[in-house]
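**Q** Contents of final_9.tsv (TSV, C-alpha atoms) are given next:
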chain	number	residue	atom	x	y	z
A	1	MET	CA	22.74	-71.25	42.11
A	2	ASP	CA	25.76	-72.99	43.68
A	3	ARG	CA	28.78	-70.77	44.04
A	4	VAL	CA	31.02	-73.35	42.33
A	5	VAL	CA	30.25	-76.56	40.45
A	6	GLU	CA	32.25	-79.50	39.18
A	7	LEU	CA	33.78	-78.66	35.80
A	8	ALA	CA	36.00	-81.66	35.11
A	9	ALA	CA	37.06	-85.02	36.53
A	10	VAL	CA	40.37	-86.83	36.15
A	11	VAL	CA	39.72	-90.52	35.47
A	12	ARG	CA	42.64	-92.96	35.78
A	13	SER	CA	41.96	-96.57	34.78
A	14	GLY	CA	38.26	-96.02	35.44
A	15	PHE	CA	38.87	-94.49	38.88
A	16	VAL	CA	38.03	-90.84	39.50
A	17	GLU	CA	41.33	-89.55	40.87
A	18	SER	CA	40.62	-85.81	41.07
A	19	ARG	CA	37.83	-83.33	40.47
A	20	HIS	CA	38.11	-79.71	39.37
A	21	PHE	CA	35.46	-77.31	40.64
A	22	GLY	CA	34.92	-73.75	39.47
A	23	VAL	CA	32.75	-71.31	37.61
A	24	ALA	CA	32.06	-70.96	33.88
A	25	VAL	CA	30.01	-68.58	31.76
A	26	ALA	CA	29.11	-67.92	28.13
A	27	VAL	CA	27.58	-64.68	26.84
A	28	ASP	CA	26.02	-63.73	23.51
A	29	PRO	CA	27.09	-60.72	21.41
A	30	GLY	CA	24.74	-58.53	23.43
A	31	GLY	CA	26.36	-59.58	26.70
A	32	ASP	CA	23.43	-61.70	27.90
A	33	VAL	CA	24.33	-64.92	29.70
A	34	VAL	CA	23.49	-67.98	27.61
A	35	PHE	CA	25.18	-70.55	29.88
A	36	ALA	CA	26.26	-70.38	33.48
A	37	ALA	CA	27.80	-72.88	35.86
A	38	GLY	CA	28.25	-71.55	39.36
A	39	ASP	CA	28.03	-67.95	40.51
A	40	VAL	CA	29.18	-65.97	37.47
A	41	GLU	CA	28.87	-62.67	39.33
A	42	ALA	CA	31.42	-63.74	41.92
A	43	VAL	CA	34.61	-61.67	41.74
A	44	LEU	CA	37.82	-63.36	40.62
A	45	LEU	CA	41.38	-62.27	39.91
A	46	PRO	CA	41.81	-62.70	36.13
A	47	ARG	CA	45.61	-62.82	36.24
A	48	SER	CA	47.12	-62.81	32.73
A	49	THR	CA	43.69	-63.21	31.12
A	50	ALA	CA	43.44	-59.47	31.75
A	51	LYS	CA	46.43	-58.67	29.53
A	52	PRO	CA	44.39	-57.89	26.40
A	53	LEU	CA	42.36	-55.44	28.49
A	54	GLN	CA	45.52	-53.89	29.92
A	55	ALA	CA	46.92	-53.57	26.39
A	56	VAL	CA	43.85	-51.51	25.46
A	57	GLY	CA	44.63	-49.17	28.34
A	58	CYS	CA	48.24	-48.78	27.19
A	59	ILE	CA	47.10	-47.77	23.70
A	60	VAL	CA	44.51	-45.37	25.06
A	61	SER	CA	47.27	-43.86	27.24
A	62	GLY	CA	49.27	-43.06	24.13
A	63	ALA	CA	51.63	-46.00	23.66
A	64	GLU	CA	52.50	-46.32	19.98
A	65	LEU	CA	52.50	-50.06	19.35
A	66	SER	CA	52.83	-52.02	16.13
A	67	ASP	CA	50.58	-55.03	15.62
A	68	GLU	CA	53.38	-57.32	16.75
A	69	GLU	CA	54.05	-55.22	19.83
A	70	THR	CA	50.33	-55.10	20.62
A	71	ALA	CA	50.12	-58.90	20.40
A	72	ILE	CA	53.03	-59.45	22.79
A	73	ALA	CA	51.64	-56.80	25.15
A	74	ALA	CA	48.37	-58.75	25.25
A	75	GLY	CA	50.12	-62.08	25.65
A	76	SER	CA	52.18	-64.28	27.92
A	77	HIS	CA	55.13	-65.10	25.69
A	78	THR	CA	57.37	-68.12	26.12
A	79	GLY	CA	60.69	-66.29	26.05
A	80	GLU	CA	61.78	-67.15	22.53
A	81	ASP	CA	64.41	-64.93	20.93
A	82	ARG	CA	61.84	-63.26	18.67
A	83	HIS	CA	59.83	-62.32	21.75
A	84	VAL	CA	62.89	-60.83	23.41
A	85	ALA	CA	63.75	-58.86	20.28
A	86	LEU	CA	60.29	-57.29	20.27
A	87	VAL	CA	60.44	-56.33	23.92
A	88	ASP	CA	63.93	-54.88	23.51
A	89	GLY	CA	62.67	-52.86	20.54
A	90	MET	CA	59.76	-51.49	22.55
A	91	LEU	CA	62.07	-50.41	25.34
A	92	LYS	CA	64.56	-48.82	22.95
A	93	ALA	CA	61.80	-46.84	21.24
A	94	ALA	CA	60.89	-45.42	24.65
A	95	GLY	CA	64.51	-44.52	25.39
A	96	LEU	CA	64.79	-47.28	27.98
A	97	ASP	CA	66.61	-50.56	28.46
A	98	ARG	CA	65.97	-53.82	30.30
A	99	GLU	CA	66.83	-52.19	33.62
A	100	ALA	CA	63.48	-50.37	33.43
A	101	LEU	CA	61.49	-53.63	33.56
A	102	GLY	CA	59.87	-54.15	36.94
A	103	CYS	CA	58.87	-57.77	36.40
A	104	PRO	CA	60.95	-60.46	38.14
A	105	PRO	CA	63.66	-62.36	36.21
A	106	ASP	CA	62.63	-65.74	34.89
A	107	ARG	CA	63.73	-68.49	32.55
A	108	ALA	CA	62.25	-68.99	29.09
A	109	GLN	CA	59.23	-71.29	29.01
A	110	ASP	CA	60.13	-72.43	25.48
A	111	GLU	CA	62.16	-75.59	26.12
A	112	PRO	CA	64.65	-75.37	23.21
A	113	THR	CA	65.40	-71.78	24.19
A	114	LEU	CA	65.65	-72.72	27.86
A	115	PHE	CA	68.10	-75.55	27.23
A	116	ARG	CA	70.24	-73.39	24.93
A	117	LEU	CA	70.44	-70.58	27.48
A	118	ILE	CA	71.37	-73.00	30.27
A	119	ALA	CA	74.11	-74.43	28.06
A	120	GLU	CA	75.36	-70.89	27.45
A	121	GLY	CA	75.40	-70.19	31.17
A	122	ILE	CA	72.65	-67.57	30.98
A	123	GLY	CA	70.37	-67.45	34.01
A	124	PRO	CA	66.93	-65.92	34.54
A	125	GLU	CA	66.34	-62.55	32.89
A	126	THR	CA	63.51	-60.03	33.23
A	127	VAL	CA	63.11	-59.85	29.46
A	128	ARG	CA	62.46	-63.62	29.26
A	129	MET	CA	59.67	-63.36	31.86
A	130	ASN	CA	56.34	-64.05	30.17
A	131	CYS	CA	54.89	-60.67	31.19
A	132	SER	CA	57.74	-58.52	29.86
A	133	GLY	CA	55.74	-57.52	26.78
A	134	LYS	CA	52.98	-56.09	28.97
A	135	HIS	CA	55.52	-54.28	31.12
A	136	ALA	CA	57.26	-52.81	28.07
A	137	ALA	CA	53.91	-51.53	26.77
A	138	MET	CA	53.14	-49.93	30.14
A	139	LEU	CA	56.56	-48.27	30.11
A	140	LYS	CA	55.97	-46.96	26.58
A	141	ALA	CA	52.63	-45.57	27.72
A	142	MET	CA	54.26	-43.81	30.67
A	143	VAL	CA	56.88	-42.16	28.47
A	144	ALA	CA	54.26	-41.17	25.89
A	145	HIS	CA	52.14	-39.70	28.68
A	146	GLY	CA	55.09	-37.66	29.92
A	147	ASP	CA	55.35	-39.46	33.25
A	148	ASP	CA	58.33	-40.90	35.11
A	149	PRO	CA	58.65	-44.53	33.97
A	150	LYS	CA	59.97	-45.48	37.40
A	151	ASP	CA	56.40	-45.08	38.69
A	152	TYR	CA	54.74	-47.32	36.11
A	153	LEU	CA	53.73	-50.03	38.58
A	154	ASP	CA	52.07	-47.60	40.98
A	155	PRO	CA	48.28	-48.16	40.81
A	156	GLN	CA	47.82	-44.39	41.19
A	157	SER	CA	50.09	-43.50	38.27
A	158	PRO	CA	48.21	-41.84	35.38
A	159	VAL	CA	48.70	-44.77	33.02
A	160	GLN	CA	47.56	-47.41	35.54
A	161	ARG	CA	44.49	-45.29	36.26
A	162	VAL	CA	43.67	-45.21	32.53
A	163	ILE	CA	44.17	-48.96	32.33
A	164	ALA	CA	41.82	-49.45	35.29
A	165	ALA	CA	39.20	-47.20	33.70
A	166	GLU	CA	39.37	-49.15	30.43
A	167	ILE	CA	39.01	-52.45	32.26
A	168	GLU	CA	35.97	-51.15	34.12
A	169	ARG	CA	34.48	-49.95	30.81
A	170	LEU	CA	35.05	-53.28	29.08
A	171	THR	CA	33.78	-55.39	31.99
A	172	ASP	CA	30.90	-53.11	33.01
A	173	SER	CA	32.10	-53.48	36.59
A	174	SER	CA	33.93	-51.62	39.31
A	175	THR	CA	34.78	-53.88	42.22
A	176	GLY	CA	37.31	-51.66	43.95
A	177	ILE	CA	39.58	-54.68	44.34
A	178	VAL	CA	43.18	-53.88	43.33
A	179	THR	CA	45.90	-56.44	44.02
A	180	VAL	CA	49.43	-57.13	42.77
A	181	ASP	CA	49.87	-59.72	40.04
A	182	GLY	CA	52.68	-62.26	40.07
A	183	CYS	CA	54.68	-60.03	37.72
A	184	GLY	CA	54.33	-57.02	40.03
A	185	ALA	CA	51.77	-55.08	37.98
A	186	PRO	CA	48.45	-53.86	39.40
A	187	LEU	CA	45.63	-56.38	38.98
A	188	LEU	CA	41.90	-55.60	39.22
A	189	GLY	CA	39.30	-58.02	40.49
A	190	MET	CA	36.22	-58.51	38.30
A	191	PRO	CA	33.17	-60.78	38.01
A	192	LEU	CA	33.56	-63.74	35.67
A	193	ARG	CA	30.64	-62.50	33.57
A	194	GLY	CA	32.41	-59.16	33.20
A	195	LEU	CA	35.55	-60.91	31.93
A	196	ALA	CA	33.52	-62.73	29.25
A	197	LEU	CA	31.77	-59.48	28.34
A	198	ALA	CA	35.13	-57.76	27.88
A	199	PHE	CA	36.30	-60.46	25.46
A	200	SER	CA	33.04	-60.12	23.52
A	201	ARG	CA	33.57	-56.38	23.21
A	202	LEU	CA	37.15	-56.80	22.06
A	203	ALA	CA	36.11	-59.33	19.43
A	204	THR	CA	33.43	-57.09	17.90
A	205	ALA	CA	34.94	-53.63	18.35
A	206	ASP	CA	34.80	-51.06	15.57
A	207	ALA	CA	37.84	-51.01	13.32
A	208	GLY	CA	40.51	-48.56	14.35
A	209	THR	CA	39.60	-48.49	18.03
A	210	ALA	CA	42.05	-49.60	20.70
A	211	ASP	CA	39.77	-52.57	21.43
A	212	SER	CA	39.81	-53.68	17.81
A	213	ARG	CA	43.55	-53.17	17.46
A	214	VAL	CA	44.21	-55.55	20.33
A	215	ALA	CA	41.86	-58.24	19.02
A	216	GLU	CA	43.22	-57.99	15.47
A	217	ALA	CA	46.82	-58.16	16.67
A	218	MET	CA	46.06	-61.32	18.64
A	219	ARG	CA	44.40	-62.89	15.60
A	220	ARG	CA	47.21	-61.90	13.26
A	221	TYR	CA	50.08	-62.91	15.51
A	222	PRO	CA	48.91	-65.73	17.80
A	223	GLU	CA	52.50	-66.98	18.19
A	224	LEU	CA	53.34	-63.71	19.95
A	225	VAL	CA	50.46	-64.09	22.41
A	226	GLY	CA	52.06	-67.34	23.56
A	227	GLY	CA	54.64	-69.20	21.52
A	228	LYS	CA	55.35	-72.38	19.59
A	229	GLY	CA	52.86	-75.02	20.79
A	230	HIS	CA	51.33	-72.75	23.45
A	231	GLN	CA	47.64	-73.59	23.88
A	232	ASN	CA	46.43	-69.98	23.55
A	233	SER	CA	48.38	-69.68	20.30
A	234	GLU	CA	47.11	-73.03	19.06
A	235	VAL	CA	43.46	-72.12	19.68
A	236	MET	CA	43.83	-68.98	17.60
A	237	ARG	CA	45.84	-70.75	14.89
A	238	LEU	CA	43.36	-73.61	14.55
A	239	LEU	CA	40.25	-71.41	14.83
A	240	PRO	CA	41.04	-68.23	12.85
A	241	GLY	CA	39.11	-65.27	14.14
A	242	VAL	CA	38.82	-66.55	17.71
A	243	ILE	CA	40.74	-64.73	20.43
A	244	ALA	CA	41.94	-66.65	23.49
A	245	LYS	CA	43.98	-65.75	26.56
A	246	GLY	CA	44.57	-67.80	29.65
A	247	GLY	CA	46.01	-66.77	32.98
A	248	ALA	CA	47.50	-68.27	36.10
A	249	GLU	CA	45.34	-70.02	38.68
A	250	GLY	CA	42.97	-71.64	36.18
A	251	VAL	CA	41.50	-68.65	34.33
A	252	ILE	CA	40.76	-68.35	30.61
A	253	GLY	CA	38.73	-66.14	28.27
A	254	MET	CA	37.78	-66.71	24.63
A	255	ALA	CA	35.60	-64.98	22.05
A	256	THR	CA	34.36	-65.70	18.54
A	257	PRO	CA	34.37	-63.16	15.71
A	258	ASP	CA	30.61	-62.56	16.14
A	259	GLY	CA	30.96	-61.75	19.84
A	260	HIS	CA	30.01	-64.93	21.66
A	261	ALA	CA	32.44	-65.13	24.55
A	262	VAL	CA	33.27	-67.44	27.44
A	263	ALA	CA	35.26	-67.33	30.66
A	264	VAL	CA	36.31	-70.00	33.14
A	265	LYS	CA	37.83	-69.99	36.62
A	266	VAL	CA	38.99	-73.29	38.12
A	267	ILE	CA	38.99	-72.88	41.89
A	268	ASP	CA	41.98	-75.10	42.63
A	269	GLY	CA	44.05	-73.07	40.15
A	270	ASN	CA	45.01	-76.03	37.94
A	271	PRO	CA	44.84	-75.00	34.25
A	272	ARG	CA	45.03	-78.43	32.64
A	273	ALA	CA	41.36	-78.45	31.56
A	274	THR	CA	40.78	-74.73	30.96
A	275	THR	CA	41.37	-74.71	27.20
A	276	ALA	CA	39.09	-77.70	26.70
A	277	LEU	CA	36.46	-76.10	28.91
A	278	GLY	CA	36.64	-72.83	26.96
A	279	LEU	CA	36.26	-74.63	23.64
A	280	THR	CA	33.31	-76.64	24.97
A	281	LEU	CA	31.60	-73.43	26.07
A	282	LEU	CA	32.11	-71.92	22.61
A	283	GLU	CA	30.50	-75.05	21.18
A	284	LYS	CA	27.53	-74.51	23.52
A	285	CYS	CA	27.21	-71.09	21.85
A	286	GLY	CA	26.83	-72.84	18.49
A	287	TYR	CA	30.36	-72.17	17.28
A	288	ASP	CA	32.16	-74.91	15.33
A	289	VAL	CA	35.30	-75.79	17.30
A	290	SER	CA	35.98	-79.10	15.53
A	291	GLY	CA	39.17	-77.67	14.06
A	292	ALA	CA	40.64	-77.65	17.56
A	293	ASP	CA	39.39	-81.05	18.70
A	294	ASP	CA	42.93	-82.19	19.47
A	295	LEU	CA	43.06	-79.56	22.21
A	296	ARG	CA	40.02	-81.13	23.85
A	297	ALA	CA	41.61	-84.58	24.06
A	298	LEU	CA	43.06	-84.73	27.57
A	299	PRO	CA	44.64	-88.14	28.16
A	300	VAL	CA	45.78	-89.27	31.59
A	301	LEU	CA	49.11	-91.05	31.28
A	302	GLY	CA	50.56	-94.05	33.05
A	303	GLY	CA	54.06	-95.12	32.09
A	304	GLY	CA	53.89	-92.66	29.23
A	305	LYS	CA	50.79	-94.27	27.75
A	306	PRO	CA	47.11	-93.21	27.96
A	307	VAL	CA	45.35	-95.01	30.82
A	308	GLY	CA	42.48	-92.58	31.28
A	309	HIS	CA	41.21	-89.14	30.44
A	310	ILE	CA	39.96	-85.86	31.82
A	311	THR	CA	36.18	-85.70	31.46
A	312	LEU	CA	34.43	-82.36	31.26
A	313	THR	CA	31.27	-82.30	33.36
A	314	ILE	CA	29.55	-79.14	32.14
Mind turning the file's structure into structure tokens?
**A**
Amino acid sequence: MDRVVELAAVVRSGFVESRHFGVAVAVDPGGDVVFAAGDVEAVLLPRSTAKPLQAVGCIVSGAELSDEETAIAAGSHTGEDRHVALVDGMLKAAGLDREALGCPPDRAQDEPTLFRLIAEGIGPETVRMNCSGKHAAMLKAMVAHGDDPKDYLDPQSPVQRVIAAEIERLTDSSTGIVTVDGCGAPLLGMPLRGLALAFSRLATADAGTADSRVAEAMRRYPELVGGKGHQNSEVMRLLPGVIAKGGAEGVIGMATPDGHAVAVKVIDGNPRATTALGLTLLEKCGYDVSGADDLRALPVLGGGKPVGHITLTI
């Protein structure tokens, strides 16, 4: 099997302008591969697609999280005021404030919020950074565990070790690869098949478990996993019961309520086709994704008008 294959092509006025290569996999509820494109055992860095798995580790470590807090811990929020209020509440419950956040300051991704803050003269803030929900959950876990929250980003801290163990359990893999994510948190490498397997396990977990709590929170509050108009949120809104989480550098994972799950890694890191690819893989599993067809329409614009499209090649 080729290590990577073509996943999508950008066609402008009939001319193939760009091609996206990568790896894609779909697994059934038992974890068996039902579709593979490229080397699905190759290790990747899942980036923010790992957040639902990290949220499981925070709960297992003792973090007391509401459904809303669990959803934002598992998500990459867009910096809306409601997102900030949740993160602030998580920090306050742990006896902390925004100074405890170790993620870098950033501007809100939600455009109306961004423009309002610029008009008010407010610059980048750590709490607006899309990973602040995950960081707040890790901090709550540290406090609940009785550890110094200042050490929460140390891969050898007790909470990060629990998170790593939960990720290895969910993915059935232990690569030994530990890096630093863009937000500063520890990030584990994993095979693409393992990432899909983890999403399958989250989607079908027994009620009351940490796995199930994360999946149910994502389903119940998709707007906290992303934000208004965010593609992850839209997938879950349009296809109730499905869980979806993308990450930087062209990664995405999705799972259906019955445990079919998919994962994609685009090698050039461009995410513009990842949602459409994930939905197409779910369709290959026999799942009806017609409710989200608008998310699979990927026009190529010229002068603000469609002059082509992105064609999926798997």
**Q** Please measure the separation of CA of Glu111 (chain A) and CA of Arg98 (chain A), giving the value in Å to one decimal.
**A**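 Those two atoms sit 22.5 Å apart.
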**Q** Which residues are near Ala261 (chain A)? Cut-off 8 Å, all atoms listed in the file, ignore same chain within fewer than 3 positions. Put them as a list of chain:residue names.
**A** A:Ala26, A:Val27, A:Asp28, A:Pro29, A:Ala196, A:Leu197, A:Phe199, A:Ser200, A:Gly253, A:Met254, A:Ala255, A:Thr256, A:Leu282
**Q** List as a ChimeraX atom specification the residues having at least one atom at most 12 Å from position (50.9, -47.3, 44.1) as given in the file, counting all atoms listed in the file.
**A** /A:150-161,178-180,184-187
**Q** The selected residues should be written to file as a compact mmCIF listing (two decimals), in the frame of the given file (atoms: C-alpha atoms).
**A**
# COMPACT_ATOMS: atom_id res chain seq x y z
CA LYS A 150 59.97 -45.48 37.40
CA ASP A 151 56.40 -45.08 38.69
CA TYR A 152 54.74 -47.32 36.11
CA LEU A 153 53.73 -50.03 38.58
CA ASP A 154 52.07 -47.60 40.98
CA PRO A 155 48.28 -48.16 40.81
CA GLN A 156 47.82 -44.39 41.19
CA SER A 157 50.09 -43.50 38.27
CA PRO A 158 48.21 -41.84 35.38
CA VAL A 159 48.70 -44.77 33.02
CA GLN A 160 47.56 -47.41 35.54
CA ARG A 161 44.49 -45.29 36.26
CA VAL A 178 43.18 -53.88 43.33
CA THR A 179 45.90 -56.44 44.02
CA VAL A 180 49.43 -57.13 42.77
CA GLY A 184 54.33 -57.02 40.03
CA ALA A 185 51.77 -55.08 37.98
CA PRO A 186 48.45 -53.86 39.40
CA LEU A 187 45.63 -56.38 38.98
**Q** Closest to Asp67 (chain A) among A:Ala217, A:Val262, A:Leu301, A:Ile243, using all atoms listed in the file?
**A**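 Comparing A:Ala217, A:Val262, A:Leu301, A:Ile243 against Asp67 (chain A), the winner is A:Ala217.
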**Q** Quick one: everything within 12 Å of region 116-123 of chain A, counting all atoms listed in the file, minus sequence neighbours fewer than 2 positions away in the same chain. Send it as a PyMOL selection string.
**A** chain A and resi 79-81+105-114+125-129
**Q** What is the CA of Phe21 (chain A) to CA of Gly259 (chain A) distance in Å?
**A**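 The value is 26.4 Å.
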**Q** Near region 168-170 of chain A, counting only C-alpha atoms, which residues have an atom at most 10 Å away, once you skip same-chain residues fewer than 3 positions from it, shown as a PyMOL selection string?
**A** chain A and resi 53+56+162-165+173-176+188-190+194-202+211
**Q** Compare A:Arg193, A:His83, A:His309, A:Lys92 by their minimum atom-to-atom distance to Lys265 (chain A), counting all atoms listed in the file, and give me the closest one.
**A** A:Arg193
**Q** Go ahead and compute the interatomic distance for CA of Cys285 (chain A) and CA of Asp172 (chain A), in Å to one decimal.
**A** 21.5 Å
**Q** Pick the closest to Arg272 (chain A) from A:Val242, A:Val214, A:Leu44, A:Leu7: which is it, counting only C-alpha atoms?
**A**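 Counting only C-alpha atoms, the residue closest to Arg272 (chain A) is A:Leu7.
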**Q** Which of these residues is nearest to Gly269 (chain A), using all atoms listed in the file: A:Asp147, A:Leu91, A:His20, A:Ile177?
**A** A:His20
**Q** Considering all atoms listed in the file, state which residue in the set A:Val40, A:Val10, A:Ala24, A:Met142 is at the smallest distance from Leu312 (chain A).
**A**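 Ranked by minimum distance to Leu312 (chain A), first place goes to A:Val10.
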**Q** What's around His135 (chain A) at 7 Å? Count all atoms listed in the file, leave out sequence neighbours fewer than 4 positions away in its own chain, and write the answer as a PyMOL selection string.
**A** chain A and resi 101+131+139
**Q** For a cutoff of 12 Å around the file-coordinate point (47.6, -90.5, 30.9), which residues qualify once you count all atoms listed in the file? I'd like the result as JSON, numbers by chain.
**A** {"A": [10, 11, 12, 13, 14, 17, 297, 298, 299, 300, 301, 302, 303, 304, 305, 306, 307, 308, 309, 310]}
**Q** Measuring atom to atom with only C-alpha atoms, identify which of A:Ala263, A:Val251, A:Leu86, A:Leu281 is nearest to Leu45 (chain A).
**A**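 Between A:Ala263, A:Val251, A:Leu86, A:Leu281, the residue approaching Leu45 (chain A) most closely is A:Val251.
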**Q** Do you know which residues are at most 8 Å from Val264 (chain A) counting only C-alpha atoms, after dropping those on the same chain fewer than 3 positions away, and could you put them as a list in words?
**A**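 My reading of the contact set: Gly22, Val23, Ala24, Val25, Leu192, Gly250, Val251, Ile252, Gly253, Thr274, Leu277 and Gly278 of chain A.
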**Q** Is it possible to get the axis-aligned box enclosing region 2-14 of chain A (all listed atoms, 5 Å extra per side) as AutoDock Vina command-line options, with centre and edge lengths in Å rounded to one decimal?
**A**
--center_x 34.2 --center_y -83.7 --center_z 39.4 --size_x 26.9 --size_y 35.8 --size_z 19.3
